>>> print(open('start_27.cif').read())   # mmCIF, C-alpha atoms and all ligand atoms
data_target
loop_
_atom_site.label_atom_id
_atom_site.label_comp_id
_atom_site.auth_asym_id
_atom_site.auth_seq_id
_atom_site.Cartn_x
_atom_site.Cartn_y
_atom_site.Cartn_z
CA MET A 1 106.62 99.78 90.67
CA ILE A 2 110.38 99.49 90.58
CA LYS A 3 112.05 100.85 87.46
CA ARG A 4 114.83 98.48 86.56
CA ASP A 5 117.22 100.37 84.39
CA SER A 6 120.30 98.17 84.21
CA LYS A 7 123.59 99.84 83.36
CA ILE A 8 125.70 96.69 83.03
CA GLU A 9 126.17 97.13 79.31
CA ASN A 10 128.08 100.39 79.91
CA ILE A 11 130.82 98.52 81.75
CA LEU A 12 130.80 95.21 79.90
CA ASP A 13 134.39 95.66 78.64
CA GLN A 14 135.71 96.01 82.18
CA ILE A 15 134.20 92.78 83.47
CA PRO A 16 136.50 89.80 83.94
CA THR A 17 134.35 86.69 83.57
CA PRO A 18 132.76 84.79 85.09
CA CYS A 19 131.52 87.50 87.43
CA TYR A 20 128.41 88.22 89.44
CA ILE A 21 127.64 91.92 89.51
CA LEU A 22 125.34 93.64 91.91
CA GLU A 23 123.85 96.88 90.62
CA GLU A 24 123.72 98.99 93.74
CA GLU A 25 121.05 101.29 92.35
CA LEU A 26 118.68 98.41 91.61
CA PHE A 27 119.45 96.78 94.94
CA GLU A 28 118.66 99.97 96.80
CA GLN A 29 115.30 100.22 95.08
CA ASN A 30 114.42 96.79 96.47
CA LEU A 31 115.56 97.87 99.92
CA LYS A 32 113.48 101.04 99.74
CA LEU A 33 110.35 99.12 98.84
CA LEU A 34 110.96 96.64 101.66
CA GLN A 35 111.52 99.47 104.10
CA TYR A 36 108.28 101.06 102.91
CA VAL A 37 106.41 97.80 103.59
CA GLY A 38 107.89 97.75 107.08
CA LYS A 39 107.03 101.36 107.81
CA GLU A 40 103.48 101.20 106.46
CA SER A 41 102.57 97.85 107.98
CA GLY A 42 104.46 98.08 111.26
CA ALA A 43 106.26 94.80 110.55
CA LYS A 44 109.99 94.38 110.86
CA ILE A 45 111.79 93.16 107.76
CA LEU A 46 114.74 90.79 108.06
CA LEU A 47 117.08 89.68 105.33
CA ALA A 48 117.20 85.88 104.99
CA LEU A 49 120.88 85.11 104.56
CA LYS A 50 120.11 81.71 103.10
CA GLY A 51 119.12 83.38 99.85
CA TYR A 52 121.40 86.40 99.83
CA ALA A 53 124.62 86.80 101.81
CA PHE A 54 126.69 89.10 99.60
CA TYR A 55 127.89 91.03 102.61
CA GLU A 56 129.80 93.68 100.69
CA SER A 57 126.33 95.15 100.16
CA PHE A 58 125.22 94.94 103.78
CA GLY A 59 126.40 98.46 104.56
CA LEU A 60 123.56 99.61 102.34
CA ALA A 61 121.09 96.87 103.33
CA LYS A 62 121.32 97.56 107.03
CA THR A 63 120.29 101.16 106.60
CA TYR A 64 116.91 99.93 105.30
CA LEU A 65 116.22 96.57 106.96
CA ASP A 66 115.81 95.57 110.59
CA GLY A 67 118.20 92.67 110.76
CA CYS A 68 118.87 89.18 109.45
CA CYS A 69 117.35 85.77 109.61
CA ALA A 70 120.01 83.10 110.06
CA SER A 71 119.75 79.35 109.60
CA GLY A 72 122.44 78.38 112.04
CA LEU A 73 125.75 79.34 113.58
CA TYR A 74 127.64 80.56 110.54
CA GLU A 75 124.84 82.71 109.22
CA ALA A 76 124.32 84.14 112.72
CA MET A 77 128.05 84.93 112.86
CA LEU A 78 127.93 86.64 109.50
CA ALA A 79 124.87 88.63 110.53
CA ASN A 80 126.65 89.68 113.71
CA GLU A 81 129.88 90.66 111.98
CA GLU A 82 128.50 92.35 108.90
CA PHE A 83 124.95 93.46 109.61
CA GLY A 84 124.22 93.83 113.31
CA LYS A 85 120.69 94.80 114.37
CA GLU A 86 118.30 91.91 115.05
CA ILE A 87 119.39 88.33 114.43
CA HIS A 88 116.68 85.68 114.24
CA THR A 89 117.99 82.16 114.07
CA PHE A 90 116.06 79.10 113.05
CA SER A 91 117.53 75.70 112.41
CA PRO A 92 115.80 72.35 111.89
CA ALA A 93 117.92 71.14 114.82
CA PHE A 94 120.51 72.99 116.91
CA LYS A 95 123.70 71.18 117.93
CA GLU A 96 124.88 71.12 121.51
CA ASP A 97 128.32 72.40 120.66
CA GLU A 98 126.88 75.40 118.80
CA ILE A 99 123.83 76.42 120.79
CA ASP A 100 125.62 78.64 123.33
CA GLU A 101 127.25 80.71 120.63
CA ILE A 102 123.99 80.90 118.67
CA ILE A 103 122.10 82.12 121.72
CA LYS A 104 124.78 84.70 122.40
CA LEU A 105 124.61 86.06 118.85
CA SER A 106 120.84 85.91 118.36
CA THR A 107 118.10 88.24 119.52
CA HIS A 108 115.45 85.66 118.61
CA ILE A 109 115.62 81.92 118.15
CA SER A 110 112.96 79.63 116.71
CA PHE A 111 112.95 75.95 117.57
CA ASN A 112 111.68 73.41 115.11
CA SER A 113 110.22 71.10 117.77
CA PHE A 114 109.24 71.02 121.40
CA SER A 115 111.93 68.44 122.03
CA GLN A 116 114.57 70.96 120.91
CA TYR A 117 113.01 73.68 123.01
CA LYS A 118 112.90 71.49 126.10
CA LYS A 119 116.50 70.51 125.55
CA TYR A 120 117.77 74.08 125.41
CA LYS A 121 115.10 75.93 127.38
CA LYS A 122 117.32 76.58 130.41
CA LYS A 123 120.05 78.10 128.29
CA THR A 124 117.65 80.44 126.50
CA LYS A 125 115.98 81.85 129.59
CA ASP A 126 116.50 85.61 129.82
CA ARG A 127 119.14 85.49 127.10
CA VAL A 128 117.17 85.26 123.87
CA SER A 129 113.53 85.49 122.83
CA SER A 130 112.41 81.93 122.03
CA GLY A 131 109.83 80.82 119.52
CA ILE A 132 108.46 77.64 118.02
CA ARG A 133 108.23 77.10 114.30
CA VAL A 134 104.87 75.71 113.37
CA ASN A 135 103.68 74.12 110.19
CA PRO A 136 100.37 75.66 109.05
CA GLU A 137 99.93 72.69 106.68
CA SER A 138 98.93 75.05 103.92
CA SER A 139 101.20 76.00 101.10
CA PHE A 140 101.05 76.68 97.41
CA ALA A 141 104.71 76.39 96.65
CA THR A 142 104.68 74.72 93.26
CA ALA A 143 108.09 73.05 93.44
CA LYS A 144 108.04 70.20 95.96
CA LEU A 145 111.67 70.81 96.77
CA TYR A 146 110.70 74.27 98.01
CA ASN A 147 107.48 73.43 99.81
CA PRO A 148 107.96 73.47 103.60
CA CYS A 149 104.43 72.14 104.09
CA ALA A 150 104.73 69.16 101.75
CA LEU A 151 103.58 65.77 103.03
CA ASN A 152 105.82 64.52 105.85
CA SER A 153 107.73 67.80 105.99
CA ARG A 154 110.30 67.98 108.77
CA LEU A 155 109.91 71.76 109.06
CA GLY A 156 107.69 73.09 111.83
CA VAL A 157 105.39 71.52 114.41
CA ILE A 158 102.02 70.39 113.07
CA ILE A 159 99.02 71.19 115.24
CA SER A 160 98.46 67.55 116.28
CA GLU A 161 102.01 67.46 117.70
CA PHE A 162 101.79 70.86 119.36
CA GLU A 163 102.37 70.76 123.12
CA PRO A 164 100.71 73.82 124.68
CA GLU A 165 101.66 72.61 128.15
CA PHE A 166 105.29 73.34 127.29
CA LEU A 167 104.78 76.87 125.99
CA ASP A 168 106.18 78.42 129.14
CA GLY A 169 108.99 80.75 128.06
CA ILE A 170 107.92 80.74 124.41
CA GLU A 171 107.39 84.29 123.16
CA GLY A 172 106.85 83.78 119.46
CA LEU A 173 105.50 81.57 116.70
CA HIS A 174 107.19 81.24 113.35
CA PHE A 175 105.85 79.85 110.13
CA HIS A 176 107.44 79.73 106.70
CA ALA A 177 105.27 78.31 103.97
CA LEU A 178 105.70 80.47 100.89
CA CYS A 179 108.07 80.38 97.94
CA GLU A 180 108.10 83.19 95.36
CA GLN A 181 104.52 84.02 96.19
CA ASN A 182 102.14 86.93 96.22
CA ALA A 183 100.12 88.36 99.09
CA ASP A 184 97.04 86.30 98.24
CA ALA A 185 98.98 83.13 99.11
CA LEU A 186 100.03 84.68 102.41
CA GLU A 187 96.41 85.47 103.15
CA ILE A 188 95.42 81.83 102.75
CA VAL A 189 98.37 80.50 104.72
CA LEU A 190 97.72 83.03 107.48
CA LYS A 191 94.11 81.92 107.68
CA SER A 192 95.21 78.33 108.09
CA PHE A 193 97.83 79.37 110.68
CA GLU A 194 95.18 81.22 112.68
CA GLU A 195 92.64 78.42 112.44
CA LYS A 196 95.17 76.01 113.86
CA PHE A 197 97.28 78.10 116.22
CA GLY A 198 95.08 81.16 116.76
CA LYS A 199 94.36 80.44 120.39
CA PHE A 200 98.06 80.67 121.25
CA ILE A 201 98.74 83.94 119.47
CA SER A 202 97.53 86.18 122.28
CA LYS A 203 100.11 84.58 124.57
CA MET A 204 102.92 85.62 122.21
CA LYS A 205 105.02 88.73 121.77
CA TRP A 206 105.82 88.13 118.12
CA ILE A 207 104.80 86.19 115.05
CA ASN A 208 107.23 85.56 112.22
CA PHE A 209 105.57 85.19 108.81
CA GLY A 210 108.72 83.63 107.30
CA GLY A 211 110.01 84.30 103.80
CA GLY A 212 108.87 83.58 100.26
CA HIS A 213 107.09 86.93 99.91
CA HIS A 214 108.02 88.06 96.42
CA ILE A 215 107.55 91.69 97.44
CA THR A 216 109.87 93.32 94.89
CA ARG A 217 108.42 91.51 91.88
CA ASP A 218 106.49 93.86 89.59
CA ASP A 219 103.11 92.19 90.02
CA TYR A 220 103.37 91.81 93.80
CA ASP A 221 100.41 93.28 95.63
CA VAL A 222 102.27 95.41 98.17
CA ARG A 223 99.08 97.16 99.32
CA LYS A 224 97.45 93.85 100.12
CA LEU A 225 100.48 92.69 102.10
CA ILE A 226 100.43 95.89 104.15
CA ALA A 227 96.69 95.52 104.76
CA ILE A 228 97.09 91.88 105.85
CA ILE A 229 99.79 92.75 108.36
CA LYS A 230 98.00 95.81 109.72
CA ASN A 231 94.82 93.86 110.11
CA PHE A 232 96.63 91.02 111.87
CA LYS A 233 98.37 93.38 114.26
CA LYS A 234 95.09 95.11 114.99
CA ARG A 235 93.39 91.85 115.86
CA TYR A 236 96.19 90.74 118.17
CA ASN A 237 96.88 93.76 120.28
CA ASN A 238 99.59 95.20 118.02
CA ILE A 239 101.71 92.04 118.27
CA GLU A 240 105.16 92.29 116.66
CA VAL A 241 105.28 90.83 113.14
CA PHE A 242 108.41 89.83 111.26
CA LEU A 243 108.91 89.05 107.59
CA GLU A 244 112.13 87.45 106.46
CA PRO A 245 112.45 87.65 102.69
CA GLY A 246 115.60 86.45 100.97
CA GLU A 247 114.84 86.32 97.29
CA ALA A 248 112.89 89.59 97.33
CA VAL A 249 115.96 91.43 98.62
CA GLY A 250 118.20 90.37 95.76
CA TRP A 251 115.48 90.10 93.11
CA ARG A 252 116.62 91.45 89.74
CA SER A 253 119.40 93.45 91.33
CA GLY A 254 122.29 91.94 89.45
CA VAL A 255 123.62 89.58 86.80
CA LEU A 256 126.13 86.88 86.04
CA VAL A 257 128.38 87.71 83.11
CA ALA A 258 130.15 84.93 81.22
CA THR A 259 132.22 84.64 78.05
CA VAL A 260 131.75 82.29 75.10
CA LEU A 261 134.86 80.07 75.02
CA ASP A 262 134.05 77.89 72.03
CA LYS A 263 131.36 76.89 69.60
CA ILE A 264 130.76 73.38 68.36
CA VAL A 265 128.12 71.55 66.32
CA ASN A 266 126.31 68.36 67.24
CA GLY A 267 122.90 68.32 65.64
CA MET A 268 122.71 72.00 66.55
CA ASP A 269 124.99 74.86 67.41
CA ILE A 270 126.35 74.71 70.92
CA ALA A 271 128.35 77.34 72.78
CA ILE A 272 130.55 76.58 75.76
CA LEU A 273 130.80 79.30 78.39
CA ASP A 274 133.34 80.01 81.11
CA THR A 275 130.65 79.50 83.74
CA SER A 276 128.54 76.53 84.78
CA ALA A 277 124.83 76.01 85.33
CA GLU A 278 125.64 73.28 87.84
CA ALA A 279 128.20 75.23 89.85
CA HIS A 280 127.13 78.87 89.45
CA MET A 281 123.39 78.83 88.69
CA PRO A 282 122.34 75.62 90.41
CA ASP A 283 118.63 76.41 90.61
CA THR A 284 118.45 76.38 86.83
CA ILE A 285 119.04 72.64 87.19
CA ILE A 286 117.40 71.75 90.49
CA MET A 287 114.35 74.00 90.63
CA PRO A 288 114.45 73.92 87.58
CA TYR A 289 114.02 77.24 85.84
CA ARG A 290 115.34 78.97 82.76
CA ALA A 291 117.59 81.96 83.37
CA GLU A 292 116.86 84.93 81.17
CA ILE A 293 119.70 86.21 78.98
CA ARG A 294 119.84 89.85 77.97
CA ASN A 295 118.85 90.39 74.31
CA ALA A 296 118.14 86.69 73.77
CA GLY A 297 114.90 84.92 72.96
CA LEU A 298 113.43 81.47 73.21
CA LYS A 299 114.64 78.72 70.93
CA GLY A 300 113.72 79.67 67.36
CA GLU A 301 112.37 83.07 68.31
CA LYS A 302 115.28 85.04 66.89
CA ARG A 303 117.44 84.21 63.91
CA TYR A 304 120.24 82.21 65.51
CA THR A 305 119.42 79.47 67.98
CA LEU A 306 122.02 77.67 69.98
CA ARG A 307 122.45 75.72 73.17
CA LEU A 308 124.49 77.24 75.96
CA GLY A 309 126.49 74.88 78.13
CA GLY A 310 128.87 75.14 81.04
CA ASN A 311 132.55 74.38 81.24
CA SER A 312 132.24 71.28 83.43
CA CYS A 313 132.25 67.63 82.37
CA LEU A 314 128.67 67.09 83.52
CA SER A 315 126.57 66.36 80.45
CA GLY A 316 123.60 68.10 82.03
CA ASP A 317 125.51 71.30 82.66
CA ILE A 318 123.29 73.21 80.26
CA MET A 319 121.67 76.60 80.69
CA GLY A 320 119.24 75.98 77.86
CA ASP A 321 118.55 76.81 74.23
CA TYR A 322 118.46 80.49 73.36
CA SER A 323 118.18 82.55 70.20
CA PHE A 324 119.97 85.75 69.19
CA ASP A 325 119.69 88.31 66.40
CA GLU A 326 123.35 87.84 65.48
CA PRO A 327 125.45 84.69 65.67
CA LEU A 328 127.36 84.43 68.96
CA GLU A 329 131.08 84.93 68.55
CA ILE A 330 133.86 83.32 70.54
CA GLY A 331 134.96 85.86 73.13
CA GLN A 332 131.55 87.48 73.32
CA LYS A 333 130.01 88.19 76.70
CA ILE A 334 126.65 86.84 77.83
CA ILE A 335 124.57 88.48 80.55
CA PHE A 336 122.43 86.16 82.66
CA GLU A 337 119.71 88.20 84.36
CA ASP A 338 118.68 88.11 87.99
CA GLN A 339 121.56 86.10 89.44
CA MET A 340 121.98 87.65 92.88
CA HIS A 341 119.85 85.36 95.06
CA TYR A 342 120.33 81.62 95.61
CA SER A 343 123.31 81.62 93.26
CA ILE A 344 126.33 83.08 95.08
CA VAL A 345 125.26 81.36 98.31
CA LYS A 346 125.02 78.02 96.51
CA ASN A 347 128.21 78.22 94.46
CA THR A 348 130.47 75.22 94.37
CA THR A 349 133.90 74.50 92.96
CA PHE A 350 132.58 71.34 91.32
CA ASN A 351 134.93 69.99 88.69
CA GLY A 352 137.51 72.58 89.70
CA ILE A 353 135.59 75.33 87.95
CA LYS A 354 136.66 78.73 89.11
CA LEU A 355 134.20 80.57 91.29
CA PRO A 356 132.89 83.74 89.63
CA SER A 357 134.31 86.99 90.95
CA LEU A 358 131.98 89.28 92.84
CA GLY A 359 131.59 92.80 91.56
CA ILE A 360 129.49 95.83 92.37
CA LEU A 361 128.39 98.52 90.00
CA ARG A 362 128.23 101.46 92.39
CA LYS A 363 125.57 104.13 92.27
CA ASN A 364 128.13 106.60 90.91
CA GLY A 365 128.72 104.36 87.89
CA LYS A 366 132.04 102.98 89.10
CA PHE A 367 132.60 99.26 88.70
CA GLU A 368 134.50 97.48 91.45
CA ILE A 369 135.58 93.86 91.78
CA VAL A 370 135.22 93.18 95.49
CA LYS A 371 136.24 89.55 95.55
CA LYS A 372 138.22 87.15 93.40
CA PHE A 373 138.67 83.43 93.89
CA ASN A 374 141.53 81.18 93.06
CA TYR A 375 142.96 77.68 93.22
CA SER A 376 143.18 77.65 97.01
CA ASP A 377 139.41 78.04 97.29
CA TYR A 378 139.09 74.81 95.36
CA LYS A 379 141.91 72.99 97.13
CA ARG A 380 140.75 73.79 100.64
CA ARG A 381 137.39 72.20 99.99
CA ASN A 382 138.78 68.87 98.90
C1 LIG B 401 114.31 80.15 102.88
C2 LIG B 401 113.75 80.81 104.06
C3 LIG B 401 113.47 82.18 104.05
C4 LIG B 401 113.67 83.05 102.82
O1 LIG B 401 112.85 82.63 101.79
P1 LIG B 401 112.82 83.44 100.39
O2 LIG B 401 112.01 82.55 99.51
O3 LIG B 401 114.21 83.59 99.91
O4 LIG B 401 112.16 84.73 100.67
C5 LIG B 401 112.98 82.74 105.20
N1 LIG B 401 112.77 82.01 106.31
C6 LIG B 401 113.03 80.69 106.36
C7 LIG B 401 112.79 79.95 107.61
C8 LIG B 401 113.53 80.05 105.25
O5 LIG B 401 113.78 78.74 105.30
#
>>> encode(input="start_27.cif", output="structure tokens", more="lines below")
Ligand SMILES: *Cc1c(COP(=O)(O)O)cnc(C)c1O
Amino acid sequence: MIKRDSKIENILDQIPTPCYILEEELFEQNLKLLQYVGKESGAKILLALKGYAFYESFGLAKTYLDGCCASGLYEAMLANEEFGKEIHTFSPAFKEDEIDEIIKLSTHISFNSFSQYKKYKKKTKDRVSSGIRVNPESSFATAKLYNPCALNSRLGVIISEFEPEFLDGIEGLHFHALCEQNADALEIVLKSFEEKFGKFISKMKWINFGGGHHITRDDYDVRKLIAIIKNFKKRYNNIEVFLEPGEAVGWRSGVLVATVLDKIVNGMDIAILDTSAEAHMPDTIIMPYRAEIRNAGLKGEKRYTLRLGGNSCLSGDIMGDYSFDEPLEIGQKIIFEDQMHYSIVKNTTFNGIKLPSLGILRKNGKFEIVKKFNYSDYKRRN
């Protein structure tokens, strides 16, 4: 199990807010566990850039992982510039004016339909290893927004639409059906995948098990995952297996630090922060989930309860109601836990709110701001 000993509090005074901070030591523990899974199981582990693209940390990440999974041209470019190694690109639909560049950058490419494969087949021949994304029609993702196998999903070919007569040149199958799940969910999805597409597997060189494996979470059954992959490889002539976790790479490896700007009262105490749920922690609103705050409890759990809100004009820009042992003071810093994945990549400058700086707490204890944003980042987008 990963020991998560955060040292953010030691450097709290030095942090200009709002600021995301990666704790290199925690991040490296995730990478080590992922590398272990790869080594023990024989699978290759790719970082899904969709969830985590903080490339200042890629120097470290690429020493442990096998490459990146990109969702299109820009992610493939970033993978090529900052990570190297294998680049696996999947997109719901590739555009004609981007496909050549994508093929050039990618080692593997997964098409979302046979019509896309037929369209670009000639271009891919001998230049990139091509695969088809299939939909195993089995998923336990609880949030509909994050369920790739939901009714009428556009992601992956369902078995009734599969066209085996056009498999010529296809070397891999890709499925992605999990979201924040444990190995038992993979086991069930894999069973469904094999029931539906099993007869094509022996014709393939690789199978990509997608992302959503919550490998670095404390209760994740790493042993079971390794056993599932080893068993699969054994049954299919040691076929290459890929996993492409995003969230598990950044999981609990860093925080978002904000400052209390003001306190008001309207039926309850409310604090306004120099960050925004909408712009800087969007999944707290759209998933939705409640971000943990260091040393805070649920509403009413500790002595002082108050609502925390963002500094935008959106009435729903609220992180939630939290309680503290001491009253919050204006100027005080708040530490939102686990803000490395699906936050930085989703940031917006909505309402002209300043993007949080990006910082790294290095292994040697040194704190470094690696990126700051300013007015031009806002202006250029509008
Ligand atoms: C989102 C996504 C991933 C990463 O998922 P996580 O939940 O972040 O692990 C991997 N592959 C594909 C195709 C995806 O869409």
>>> closest_atom_pairs(input="start_27.cif", of="chain A", to="ligand LIG 401 (chain B)", cutoff="8 Å", atoms="all atoms listed in the file", output="CSV")
residue,atom,partner,partner_atom,distance
A:Leu47,CA,B:LIG401,C4,7.9
A:Ala48,CA,B:LIG401,C4,5.0
A:Leu49,CA,B:LIG401,C4,7.7
A:Lys50,CA,B:LIG401,C1,6.0
A:Gly51,CA,B:LIG401,O3,4.9
A:Tyr52,CA,B:LIG401,O3,7.7
A:Cys69,CA,B:LIG401,N1,6.8
A:Ser71,CA,B:LIG401,C7,7.3
A:Phe90,CA,B:LIG401,C7,6.4
A:Ser91,CA,B:LIG401,C7,8.0
A:Phe175,CA,B:LIG401,C7,7.4
A:His176,CA,B:LIG401,C7,5.4
A:Leu178,CA,B:LIG401,O2,6.8
A:Cys179,CA,B:LIG401,O2,4.8
A:Glu180,CA,B:LIG401,O2,5.7
A:Gly210,CA,B:LIG401,N1,4.5
A:Gly211,CA,B:LIG401,C5,3.6
A:Gly212,CA,B:LIG401,O2,3.4
A:His213,CA,B:LIG401,O4,5.6
A:His214,CA,B:LIG401,O4,6.8
A:Leu243,CA,B:LIG401,C5,7.9
A:Glu244,CA,B:LIG401,C5,4.9
A:Pro245,CA,B:LIG401,O4,3.6
A:Gly246,CA,B:LIG401,O3,3.4
A:Glu247,CA,B:LIG401,O3,3.8
A:Ala248,CA,B:LIG401,O4,5.9
A:Val249,CA,B:LIG401,O4,8.0
A:His341,CA,B:LIG401,O3,7.6
A:Tyr342,CA,B:LIG401,O3,7.7
>>> write_last_selection(input="start_27.cif", atoms="C-alpha atoms", output="PDB file, in the frame of the given file")
ATOM      1  CA  LEU A  47     117.080  89.680 105.330  1.00  0.00           C
ATOM      2  CA  ALA A  48     117.200  85.880 104.990  1.00  0.00           C
ATOM      3  CA  LEU A  49     120.880  85.110 104.560  1.00  0.00           C
ATOM      4  CA  LYS A  50     120.110  81.710 103.100  1.00  0.00           C
ATOM      5  CA  GLY A  51     119.120  83.380  99.850  1.00  0.00           C
ATOM      6  CA  TYR A  52     121.400  86.400  99.830  1.00  0.00           C
ATOM      7  CA  CYS A  69     117.350  85.770 109.610  1.00  0.00           C
ATOM      8  CA  SER A  71     119.750  79.350 109.600  1.00  0.00           C
ATOM      9  CA  PHE A  90     116.060  79.100 113.050  1.00  0.00           C
ATOM     10  CA  SER A  91     117.530  75.700 112.410  1.00  0.00           C
ATOM     11  CA  PHE A 175     105.850  79.850 110.130  1.00  0.00           C
ATOM     12  CA  HIS A 176     107.440  79.730 106.700  1.00  0.00           C
ATOM     13  CA  LEU A 178     105.700  80.470 100.890  1.00  0.00           C
ATOM     14  CA  CYS A 179     108.070  80.380  97.940  1.00  0.00           C
ATOM     15  CA  GLU A 180     108.100  83.190  95.360  1.00  0.00           C
ATOM     16  CA  GLY A 210     108.720  83.630 107.300  1.00  0.00           C
ATOM     17  CA  GLY A 211     110.010  84.300 103.800  1.00  0.00           C
ATOM     18  CA  GLY A 212     108.870  83.580 100.260  1.00  0.00           C
ATOM     19  CA  HIS A 213     107.090  86.930  99.910  1.00  0.00           C
ATOM     20  CA  HIS A 214     108.020  88.060  96.420  1.00  0.00           C
ATOM     21  CA  LEU A 243     108.910  89.050 107.590  1.00  0.00           C
ATOM     22  CA  GLU A 244     112.130  87.450 106.460  1.00  0.00           C
ATOM     23  CA  PRO A 245     112.450  87.650 102.690  1.00  0.00           C
ATOM     24  CA  GLY A 246     115.600  86.450 100.970  1.00  0.00           C
ATOM     25  CA  GLU A 247     114.840  86.320  97.290  1.00  0.00           C
ATOM     26  CA  ALA A 248     112.890  89.590  97.330  1.00  0.00           C
ATOM     27  CA  VAL A 249     115.960  91.430  98.620  1.00  0.00           C
ATOM     28  CA  HIS A 341     119.850  85.360  95.060  1.00  0.00           C
ATOM     29  CA  TYR A 342     120.330  81.620  95.610  1.00  0.00           C
TER      30      TYR A 342
END
>>> closest_residue(input="start_27.cif", among="A:Glu25, A:Glu101, A:Glu171, A:Glu56", to="Lys371 (chain A)", atoms="only C-alpha atoms")
A:Glu56
>>> closest_residue(input="start_27.cif", among="A:Lys121, A:Asn208, A:Ile270, A:Ile159", to="Glu195 (chain A)", atoms="all atoms listed in the file")
A:Ile159
>>> closest_residue(input="start_27.cif", among="A:Ala61, A:Leu105, A:Glu337, A:Leu273", to="Glu75 (chain A)", atoms="only C-alpha atoms")
A:Leu105
>>> closest_residue(input="start_27.cif", among="A:Asn347, A:Thr259, A:Ser192, A:Ser138", to="Gly309 (chain A)", atoms="only C-alpha atoms")
A:Thr259
>>> residues_near_point(input="start_27.cif", point="(133.3, 76.3, 90.9)", cutoff="10 Å", atoms="all atoms listed in the file", output="PDB file with C-alpha atoms, keeping the file's coordinate frame")
ATOM      1  CA  THR A 275     130.650  79.500  83.740  1.00  0.00           C
ATOM      2  CA  SER A 276     128.540  76.530  84.780  1.00  0.00           C
ATOM      3  CA  GLU A 278     125.640  73.280  87.840  1.00  0.00           C
ATOM      4  CA  ALA A 279     128.200  75.230  89.850  1.00  0.00           C
ATOM      5  CA  HIS A 280     127.130  78.870  89.450  1.00  0.00           C
ATOM      6  CA  ASN A 311     132.550  74.380  81.240  1.00  0.00           C
ATOM      7  CA  SER A 312     132.240  71.280  83.430  1.00  0.00           C
ATOM      8  CA  ASN A 347     128.210  78.220  94.460  1.00  0.00           C
ATOM      9  CA  THR A 348     130.470  75.220  94.370  1.00  0.00           C
ATOM     10  CA  THR A 349     133.900  74.500  92.960  1.00  0.00           C
ATOM     11  CA  PHE A 350     132.580  71.340  91.320  1.00  0.00           C
ATOM     12  CA  ASN A 351     134.930  69.990  88.690  1.00  0.00           C
ATOM     13  CA  GLY A 352     137.510  72.580  89.700  1.00  0.00           C
ATOM     14  CA  ILE A 353     135.590  75.330  87.950  1.00  0.00           C
ATOM     15  CA  LYS A 354     136.660  78.730  89.110  1.00  0.00           C
ATOM     16  CA  LEU A 355     134.200  80.570  91.290  1.00  0.00           C
ATOM     17  CA  PRO A 356     132.890  83.740  89.630  1.00  0.00           C
ATOM     18  CA  PHE A 373     138.670  83.430  93.890  1.00  0.00           C
ATOM     19  CA  ASN A 374     141.530  81.180  93.060  1.00  0.00           C
ATOM     20  CA  ASP A 377     139.410  78.040  97.290  1.00  0.00           C
ATOM     21  CA  TYR A 378     139.090  74.810  95.360  1.00  0.00           C
TER      22      TYR A 378
END
>>> atom_distance(input="start_27.cif", atom1="CA of Asp184 (chain A)", atom2="CA of Gln35 (chain A)")
20.4 Å
>>> closest_residue(input="start_27.cif", among="A:Phe162, A:Ser113, A:Asp97, A:Leu256", to="Ile360 (chain A)", atoms="all atoms listed in the file")
A:Leu256
>>> decode(input="start_27.cif", residues="region 327-336 of chain A", atoms="N, CA and C atoms", output="PDB file, in the first residue's frame")
ATOM      1  N   PRO A 327     -12.501  28.878  13.529  1.00  0.00           N
ATOM      2  CA  PRO A 327     -13.135  29.652  12.456  1.00  0.00           C
ATOM      3  C   PRO A 327     -12.117  29.974  11.352  1.00  0.00           C
ATOM      4  N   LEU A 328     -12.543  29.964  10.113  1.00  0.00           N
ATOM      5  CA  LEU A 328     -11.629  30.337   9.020  1.00  0.00           C
ATOM      6  C   LEU A 328     -11.400  31.829   9.046  1.00  0.00           C
ATOM      7  N   GLU A 329     -10.177  32.232   8.837  1.00  0.00           N
ATOM      8  CA  GLU A 329      -9.860  33.662   8.814  1.00  0.00           C
ATOM      9  C   GLU A 329      -9.621  34.114   7.385  1.00  0.00           C
ATOM     10  N   ILE A 330      -9.923  35.379   7.128  1.00  0.00           N
ATOM     11  CA  ILE A 330      -9.572  35.950   5.827  1.00  0.00           C
ATOM     12  C   ILE A 330      -8.049  35.888   5.673  1.00  0.00           C
ATOM     13  N   GLY A 331      -7.604  35.449   4.523  1.00  0.00           N
ATOM     14  CA  GLY A 331      -6.158  35.321   4.294  1.00  0.00           C
ATOM     15  C   GLY A 331      -5.632  33.917   4.553  1.00  0.00           C
ATOM     16  N   GLN A 332      -6.464  33.104   5.157  1.00  0.00           N
ATOM     17  CA  GLN A 332      -6.039  31.738   5.476  1.00  0.00           C
ATOM     18  C   GLN A 332      -6.020  30.865   4.217  1.00  0.00           C
ATOM     19  N   LYS A 333      -5.120  29.914   4.203  1.00  0.00           N
ATOM     20  CA  LYS A 333      -5.020  29.016   3.053  1.00  0.00           C
ATOM     21  C   LYS A 333      -5.803  27.722   3.276  1.00  0.00           C
ATOM     22  N   ILE A 334      -6.381  27.247   2.186  1.00  0.00           N
ATOM     23  CA  ILE A 334      -7.182  26.020   2.200  1.00  0.00           C
ATOM     24  C   ILE A 334      -6.513  25.026   1.265  1.00  0.00           C
ATOM     25  N   ILE A 335      -6.397  23.787   1.691  1.00  0.00           N
ATOM     26  CA  ILE A 335      -5.766  22.762   0.849  1.00  0.00           C
ATOM     27  C   ILE A 335      -6.817  21.765   0.359  1.00  0.00           C
ATOM     28  N   PHE A 336      -7.102  21.807  -0.928  1.00  0.00           N
ATOM     29  CA  PHE A 336      -7.999  20.805  -1.521  1.00  0.00           C
ATOM     30  C   PHE A 336      -7.162  19.592  -1.904  1.00  0.00           C
TER      31      PHE A 336
END
